[in-house]
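For reference, work_31.pdb (PDB, C-alpha atoms and all ligand atoms):
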```
MODEL        1
ATOM      1  CA  MET Q 840      24.677  -3.686   2.980
ATOM      2  CA  LYS Q 841      25.359  -1.569   6.041
ATOM      3  CA  GLU Q 842      24.160  -3.938   8.751
ATOM      4  CA  GLU Q 843      22.875  -7.466   8.970
ATOM      5  CA  ILE Q 844      19.104  -7.741   9.113
ATOM      6  CA  THR Q 845      18.183  -9.251  12.469
ATOM      7  CA  SER Q 846      14.398  -9.300  12.262
ATOM      8  CA  PHE Q 847      12.029 -10.224   9.499
ATOM      9  CA  ALA Q 848       9.043  -8.415   8.038
ATOM     10  CA  PRO Q 849       6.417 -11.169   8.619
ATOM     11  CA  GLY Q 850       6.753 -10.824  12.417
ATOM     12  CA  HIS Q 851       6.278  -7.042  12.169
ATOM     13  CA  LEU Q 852       3.350  -7.470   9.767
ATOM     14  CA  ALA Q 853       1.638 -10.042  11.990
ATOM     15  CA  LEU Q 854       2.100  -8.032  15.195
ATOM     16  CA  GLY Q 855       1.163  -4.771  13.488
ATOM     17  CA  TYR Q 856      -2.007  -6.337  12.184
ATOM     18  CA  ILE Q 857      -2.952  -7.939  15.537
ATOM     19  CA  CYS Q 858      -2.276  -4.773  17.586
ATOM     20  CA  SER Q 859      -4.030  -2.362  15.235
ATOM     21  CA  LYS Q 860      -6.962  -4.727  14.762
ATOM     22  CA  LEU Q 861      -7.369  -4.898  18.535
ATOM     23  CA  SER Q 862      -7.188  -1.114  18.885
ATOM     24  CA  SER Q 863      -9.640  -0.561  16.019
ATOM     25  CA  LYS Q 864     -12.107  -2.859  17.786
ATOM     26  CA  LEU Q 865     -11.688  -1.009  21.081
ATOM     27  CA  LEU Q 866     -12.004   2.406  19.412
ATOM     28  CA  LYS Q 867     -14.794   1.232  17.099
ATOM     29  CA  VAL Q 868     -13.088   2.518  13.963
ATOM     30  CA  GLU Q 869     -12.483   0.948  10.556
ATOM     31  CA  VAL Q 870      -8.948   0.425   9.285
ATOM     32  CA  ASN Q 871      -7.425   0.242   5.832
ATOM     33  CA  LEU Q 872      -5.450  -3.012   5.786
ATOM     34  CA  PRO Q 873      -2.743  -2.077   3.224
ATOM     35  CA  LEU Q 874      -1.964   1.078   5.240
ATOM     36  CA  ILE Q 875      -1.720  -0.970   8.469
ATOM     37  CA  PHE Q 876       0.796  -3.286   6.811
ATOM     38  CA  LEU Q 877       2.694  -0.304   5.416
ATOM     39  CA  PHE Q 878       3.065   1.365   8.840
ATOM     40  CA  SER Q 879       4.065  -1.979  10.423
ATOM     41  CA  VAL Q 880       7.278  -2.114   8.394
ATOM     42  CA  LEU Q 881       7.858   1.608   7.757
ATOM     43  CA  PRO Q 882      10.659   2.099  10.369
ATOM     44  CA  ASP Q 883      12.870  -0.301   8.384
ATOM     45  CA  ILE Q 884      13.058   2.299   5.614
ATOM     46  CA  ASP Q 885      16.380   3.172   7.308
ATOM     47  CA  ILE Q 886      17.877   0.062   5.667
ATOM     48  CA  LEU Q 887      17.573   1.914   2.364
ATOM     49  CA  ILE Q 888      18.979   5.255   3.605
ATOM     50  CA  PRO Q 889      22.803   5.109   3.872
ATOM     51  CA  GLN Q 890      22.952   8.167   6.178
ATOM     52  CA  LEU Q 891      20.787   6.507   8.850
ATOM     53  CA  ASN Q 892      21.774   3.828  11.360
ATOM     54  CA  HIS Q 893      19.525   0.784  11.217
ATOM     55  CA  ARG Q 894      17.119   0.813  14.196
ATOM     56  CA  GLY Q 895      18.015   4.431  14.909
ATOM     57  CA  PRO Q 896      15.772   7.533  14.583
ATOM     58  CA  THR Q 897      13.138   5.888  12.343
ATOM     59  CA  HIS Q 898      12.539   3.413  15.197
ATOM     60  CA  SER Q 899      12.034   6.117  17.840
ATOM     61  CA  THR Q 900       8.630   6.290  19.522
ATOM     62  CA  ILE Q 901       9.140  10.039  19.953
ATOM     63  CA  VAL Q 902       9.651  10.505  16.193
ATOM     64  CA  ALA Q 903       6.581   8.321  15.558
ATOM     65  CA  PHE Q 904       4.358  10.460  17.838
ATOM     66  CA  LEU Q 905       5.657  13.707  16.322
ATOM     67  CA  PHE Q 906       5.074  12.342  12.808
ATOM     68  CA  PHE Q 907       1.509  11.426  13.772
ATOM     69  CA  ILE Q 908       0.483  14.734  15.383
ATOM     70  CA  PRO Q 909      -1.066  16.135  12.137
ATOM     71  CA  PHE Q 910      -2.939  12.872  11.530
ATOM     72  CA  LEU Q 911      -4.213  12.805  15.129
ATOM     73  CA  ILE Q 912      -5.435  16.394  14.778
ATOM     74  CA  VAL Q 913      -7.191  15.775  11.445
ATOM     75  CA  TYR Q 914      -8.429  12.203  11.857
ATOM     76  CA  SER Q 915      -8.389  11.897  15.710
ATOM     77  CA  LYS Q 916      -9.082   8.345  16.927
ATOM     78  CA  LYS Q 917      -9.304   7.002  13.362
ATOM     79  CA  SER Q 918      -5.533   7.434  13.041
ATOM     80  CA  VAL Q 919      -4.682   5.654  16.324
ATOM     81  CA  PRO Q 920      -4.539   2.066  14.896
ATOM     82  CA  TYR Q 921      -1.972   3.281  12.322
ATOM     83  CA  LEU Q 922       0.134   4.913  15.027
ATOM     84  CA  ILE Q 923      -0.007   1.633  16.977
ATOM     85  CA  ALA Q 924       1.052  -0.322  13.864
ATOM     86  CA  LEU Q 925       4.049   2.017  13.562
ATOM     87  CA  VAL Q 926       5.059   2.032  17.229
ATOM     88  CA  GLN Q 927       4.736  -1.722  17.813
ATOM     89  CA  HIS Q 928       7.509  -2.282  15.243
ATOM     90  CA  SER Q 929      10.239  -1.038  17.558
ATOM     91  CA  THR Q 930       8.581  -1.384  20.975
ATOM     92  CA  ILE Q 931       7.586  -5.058  20.536
ATOM     93  CA  GLY Q 932       9.163  -6.724  17.483
ATOM     94  CA  ASP Q 933      12.596  -5.121  17.294
ATOM     95  CA  PHE Q 934      12.746  -4.761  21.094
ATOM     96  CA  PHE Q 935      12.319  -8.522  21.363
ATOM     97  CA  ALA Q 936      14.613  -9.548  18.497
ATOM     98  CA  GLY Q 937      17.130  -6.717  18.662
ATOM     99  CA  LYS Q 938      17.871  -3.266  20.085
ATOM    100  CA  THR Q 939      16.512   0.078  18.934
ATOM    101  CA  GLN Q 940      16.926   3.783  19.699
ATOM    102  CA  ILE Q 941      13.399   3.882  21.056
ATOM    103  CA  LEU Q 942      13.850   7.243  22.822
ATOM    104  CA  TRP Q 943      15.896   9.115  20.179
ATOM    105  CA  PRO Q 944      16.689  12.068  20.356
ATOM    106  CA  ILE Q 945      16.219  12.202  24.172
ATOM    107  CA  SER Q 946      18.496   9.172  24.542
ATOM    108  CA  ILE Q 947      20.775   7.620  21.938
ATOM    109  CA  ARG Q 948      20.905   4.351  23.898
ATOM    110  CA  TYR Q 949      19.728   1.192  22.146
ATOM    111  CA  TYR Q 950      17.111  -0.725  24.172
ATOM    112  CA  GLY Q 951      16.076  -4.341  23.604
ATOM    113  CA  MET Q 952      16.259  -8.000  24.563
ATOM    114  CA  ASP Q 953      18.269  -8.940  21.468
ATOM    115  CA  ILE Q 954      16.951 -12.502  21.206
ATOM    116  CA  PRO Q 955      18.696 -14.181  18.229
ATOM    117  CA  ILE Q 956      16.537 -14.470  15.137
ATOM    118  CA  ASP Q 957      17.258 -18.163  14.628
ATOM    119  CA  SER Q 958      16.717 -19.118  18.306
ATOM    120  CA  PRO Q 959      13.829 -21.495  19.178
ATOM    121  CA  THR Q 960      12.250 -18.691  21.268
ATOM    122  CA  ASN Q 961      12.189 -16.284  18.339
ATOM    123  CA  ILE Q 962      10.982 -18.882  15.848
ATOM    124  CA  THR Q 963       8.164 -19.978  18.220
ATOM    125  CA  VAL Q 964       7.035 -16.415  18.912
ATOM    126  CA  GLU Q 965       7.131 -15.486  15.201
ATOM    127  CA  TRP Q 966       5.060 -18.538  14.324
ATOM    128  CA  ILE Q 967       2.504 -17.884  17.095
ATOM    129  CA  CYS Q 968       2.080 -14.276  15.897
ATOM    130  CA  PHE Q 969       1.857 -15.418  12.272
ATOM    131  CA  LEU Q 970      -0.811 -18.037  13.040
ATOM    132  CA  ILE Q 971      -2.852 -15.643  15.221
ATOM    133  CA  SER Q 972      -2.738 -13.005  12.462
ATOM    134  CA  ILE Q 973      -3.952 -15.486   9.837
ATOM    135  CA  VAL Q 974      -6.763 -16.751  12.100
ATOM    136  CA  ILE Q 975      -7.954 -13.176  12.790
ATOM    137  CA  MET Q 976      -7.651 -12.325   9.090
ATOM    138  CA  VAL Q 977      -9.848 -15.268   8.133
ATOM    139  CA  LYS Q 978     -12.366 -14.897  10.987
ATOM    140  CA  SER Q 979     -12.801 -11.144  10.582
ATOM    141  CA  ASN Q 980     -13.185 -11.442   6.810
ATOM    142  CA  ASP Q 981     -10.102  -9.266   6.314
ATOM    143  CA  LEU Q 982      -8.499 -11.865   4.054
ATOM    144  CA  ARG Q 983     -11.531 -11.670   1.804
ATOM    145  CA  LYS Q 984     -11.359  -7.855   1.932
ATOM    146  CA  LEU Q 985      -7.765  -8.013   0.647
ATOM    147  CA  PHE Q 986      -9.116  -9.792  -2.412
ATOM    148  CA  GLY Q 987     -12.341  -7.810  -2.543
ATOM    149  CA  LYS Q 988     -13.188  -4.463  -4.087
ATOM    150  CA  MET Q 989      -9.946  -2.641  -4.770
ATOM    151  CA  ASN Q 990      -8.829   0.932  -4.994
ATOM    152  CA  ASN Q 991      -5.485   2.498  -5.868
ATOM    153  CA  LEU Q 992      -4.530   2.562  -2.177
ATOM    154  CA  ASN Q 993      -4.173  -1.226  -2.222
ATOM    155  CA  LEU Q 994      -1.087  -0.852  -4.356
ATOM    156  CA  VAL Q 995       0.805   0.430  -1.284
ATOM    157  CA  LEU Q 996       1.094  -3.293  -0.492
ATOM    158  CA  PHE Q 997       4.078  -3.090  -2.824
ATOM    159  CA  ILE Q 998       6.080  -1.589   0.070
ATOM    160  CA  PRO Q 999       5.417  -4.342   2.679
ATOM    161  CA  THR Q1000       6.001  -6.903  -0.095
ATOM    162  CA  THR Q1001       9.403  -5.332  -0.775
ATOM    163  CA  ALA Q1002      10.114  -5.406   2.983
ATOM    164  CA  ILE Q1003       9.444  -9.161   2.996
ATOM    165  CA  PHE Q1004      12.092  -9.620   0.315
ATOM    166  CA  LEU Q1005      14.642  -7.227   1.886
ATOM    167  CA  PRO Q1006      16.770  -9.972   3.513
ATOM    168  CA  THR Q1007      16.984 -11.681   0.136
ATOM    169  CA  LEU Q1008      17.755  -8.453  -1.701
ATOM    170  CA  PHE Q1009      20.490  -7.463   0.750
ATOM    171  CA  SER Q1010      22.085 -10.844   1.309
ATOM    172  CA  PHE Q1011      21.589 -12.932  -1.788
ATOM    173  CA  PRO Q1012      21.325 -15.915  -1.807
ATOM    174  CA  LEU Q1013      18.406 -16.232   0.575
ATOM    175  CA  LYS Q1014      19.497 -15.902   4.193
ATOM    176  CA  VAL Q1015      16.123 -16.546   5.772
ATOM    177  CA  PRO Q1016      16.309 -19.624   8.044
ATOM    178  CA  ILE Q1017      14.067 -22.417   6.805
ATOM    179  CA  GLU Q1018      11.757 -22.147   9.869
ATOM    180  CA  HIS Q1019      10.949 -18.537   8.938
ATOM    181  CA  LEU Q1020      10.368 -19.278   5.283
ATOM    182  CA  PHE Q1021       6.674 -20.185   5.292
ATOM    183  CA  PRO Q1022       5.419 -16.935   6.918
ATOM    184  CA  HIS Q1023       7.490 -15.023   4.330
ATOM    185  CA  ILE Q1024       5.958 -16.949   1.435
ATOM    186  CA  ALA Q1025       2.430 -16.732   2.876
ATOM    187  CA  TYR Q1026       2.473 -12.948   3.398
ATOM    188  CA  ALA Q1027       4.212 -12.318   0.056
ATOM    189  CA  ALA Q1028       1.649 -14.503  -1.730
ATOM    190  CA  ILE Q1029      -1.351 -12.777  -0.061
ATOM    191  CA  PHE Q1030      -0.023  -9.284  -0.878
ATOM    192  CA  THR Q1031       1.017 -10.149  -4.428
ATOM    193  CA  MET Q1032      -2.301 -11.792  -5.272
ATOM    194  CA  SER Q1033      -4.161  -8.845  -3.733
ATOM    195  CA  MET Q1034      -2.193  -6.374  -5.872
ATOM    196  CA  VAL Q1035      -2.551  -8.423  -9.057
ATOM    197  CA  LYS Q1036      -6.307  -8.636  -8.514
ATOM    198  CA  GLY Q1037      -6.394  -4.902  -7.734
ATOM    199  CA  LEU Q1038      -4.528  -3.996 -10.915
ATOM    200  CA  TYR Q1039      -6.787  -6.254 -12.932
ATOM    201  CA  GLU Q1040      -9.925  -4.633 -11.491
ATOM    202  CA  ILE Q1041      -8.591  -1.120 -11.971
ATOM    203  CA  ASN Q1042      -7.883  -1.952 -15.628
ATOM    204  CA  ILE Q1043     -11.336  -3.478 -16.085
ATOM    205  CA  ALA Q1044     -12.937  -0.358 -14.554
ATOM    206  CA  LYS Q1045     -11.055   1.886 -16.999
ATOM    207  CA  LYS Q1046     -12.413   0.010 -20.037
TER     208      LYS Q1046
HETATM  209 ZN    ZN Q1101      13.037  -2.492  12.394
ENDMDL
END
```
This structure in structure tokens:
Amino acid sequence: MKEEITSFAPGHLALGYICSKLSSKLLKVEVNLPLIFLFSVLPDIDILIPQLNHRGPTHSTIVAFLFFIPFLIVYSKKSVPYLIALVQHSTIGDFFAGKTQILWPISIRYYGMDIPIDSPTNITVEWICFLISIVIMVKSNDLRKLFGKMNNLNLVLFIPTTAIFLPTLFSFPLKVPIEHLFPHIAYAAIFTMSMVKGLYEINIAKK
């Protein structure tokens, strides 16, 4: 492991979902939920790439905008909620609970409030975001959609599910503080059940 993990996936997933849901409402566009969750944790791919510093270039807002230019050209405002899901990761979540190279390559400085992950402030904020995300998911019928009609795209939930288990994979035995455990289990359970149901339906459709 190259660096200790100082933020957890459920916070990123909850905030990514809330922010992109809000933007999709404002822009009056539909969003694909598995893709929103994927983009919410995507910057942490650097944990798996030995050549990259954690919270370095993959957490840069400049890199995110450049990466999204083709999508903005082709899909215009439909792609904006996904860009927001990607950018909130480092500008809100990691900024709050750590420091990131938000302006790489213009500046290599790490910006952030660096609030400790096991502090009461962090735990409270994570829980508030988690609860808000679940309430919106239930009220907007998104939770039902995750268990509704499936397509192959739903299997991308495998990536956010892996992100949830990253702290465990990199620092076995489980290093997640007990207060953070329930959001981890809840998100992992929702995604896993959604994928299992998806695989089942895809198999049924093939027969
Ligand atoms: Zn991150």
Check: Could you state the separation of CA of Val974 (chain Q) and CA of Val1015 (chain Q) in Å, given to one decimal place?
Finding: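 Distance between the two atoms: 23.7 Å.
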Next item on the list: Give me the residues within 7 Å of region 1027-1032 of chain Q as a ChimeraX atom specification, counting all atoms listed in the file and dropping any in the same chain fewer than 2 places off.
Entry: /Q:996,1000,1003,1023-1025,1034-1036
Check: Applied to the shown file, which residues does the PyMOL selection byres (((chain Q and resi 899-905) around 12) and not hetatm) return, written as a ChimeraX atom specification?
Finding: /Q:878-879,881-883,885,892-898,906-912,918-919,921-931,933-934,938-950
Item checked: Within 10 Å of Thr1001 (chain Q) using all atoms listed in the file, minus same-chain residues under 4 positions, as an MDAnalysis selection string -> chainID Q and resid 848 880 996:997 1005:1008 1027
For the selection you just gave me, I'd like the residues written to a file as a PDB file, in the coordinates of the input, keeping C-alpha atoms.
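After the write, again-v4.pdb holds the following:
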```pdb
ATOM      1  CA  ALA Q 848       9.043  -8.415   8.038  1.00  0.00           C
ATOM      2  CA  VAL Q 880       7.278  -2.114   8.394  1.00  0.00           C
ATOM      3  CA  LEU Q 996       1.094  -3.293  -0.492  1.00  0.00           C
ATOM      4  CA  PHE Q 997       4.078  -3.090  -2.824  1.00  0.00           C
ATOM      5  CA  LEU Q1005      14.642  -7.227   1.886  1.00  0.00           C
ATOM      6  CA  PRO Q1006      16.770  -9.972   3.513  1.00  0.00           C
ATOM      7  CA  THR Q1007      16.984 -11.681   0.136  1.00  0.00           C
ATOM      8  CA  LEU Q1008      17.755  -8.453  -1.701  1.00  0.00           C
ATOM      9  CA  ALA Q1027       4.212 -12.318   0.056  1.00  0.00           C
TER      10      ALA Q1027
END
```
Next item on the list: Quick one: pull the distance between atom ZN of ligand ZN 1101 (chain Q) and CA of Ala1002 (chain Q), Å, one decimal.
Entry: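 Pair atom ZN of ligand ZN 1101 (chain Q) / CA of Ala1002 (chain Q) returns 10.3 Å.
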Note to self: I'd like to know which of Q:Ile1017, Q:Ser972, Q:Ile888, Q:Ala936 is closest to ligand ZN 1101 (chain Q), using only C-alpha atoms and all ligand atoms.
What the structure shows: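 Answer, going by the shortest atom-to-atom distance: Q:Ala936.
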Next item on the list: Name the residues that the PyMOL selection byres (((chain Q and resi 859) around 8) and not hetatm) picks from the file above, as a VMD selection string, using the file's chain letters and numbers.
Entry: chain Q and resid 855 to 858 860 to 863 875 920 to 921 923 to 924
Check: Taking all atoms listed in the file into account, which of Q:Leu872, Q:Gly932, Q:Val977, Q:Asp957 comes nearest Ser1033 (chain Q)?
Finding: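 For Ser1033 (chain Q), the nearest of the given residues is Q:Leu872.
Using only C-alpha atoms for every distance, the candidate list Q:Ile998, Q:Ala1044, Q:Ile956, Q:Leu982 yields Q:Ile998 as the residue closest to Phe876 (chain Q).
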Item checked: Q:Gly987, Q:Glu869, Q:Ile884, Q:Ala853 ranked by distance to ligand ZN 1101 (chain Q), top pick (using only C-alpha atoms and all ligand atoms) ->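 Once distances to ligand ZN 1101 (chain Q) are computed over only C-alpha atoms and all ligand atoms, the minimum belongs to Q:Ile884.
Distances to ligand ZN 1101 (chain Q) were evaluated for Q:Pro1022, Q:Ile886, Q:Asn871, Q:Leu877 using all atoms listed in the file, and the minimum falls at Q:Ile886.
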Checklist line | Which residue of Q:Leu874, Q:Lys1045, Q:Ile975, Q:Ser846 approaches Asn961 (chain Q) most closely, using all atoms listed in the file | finding: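 The answer is Q:Ser846, which sits nearest to Asn961 (chain Q).
As for CA of Phe935 (chain Q) and CA of Pro873 (chain Q), they are spaced 24.4 Å apart.
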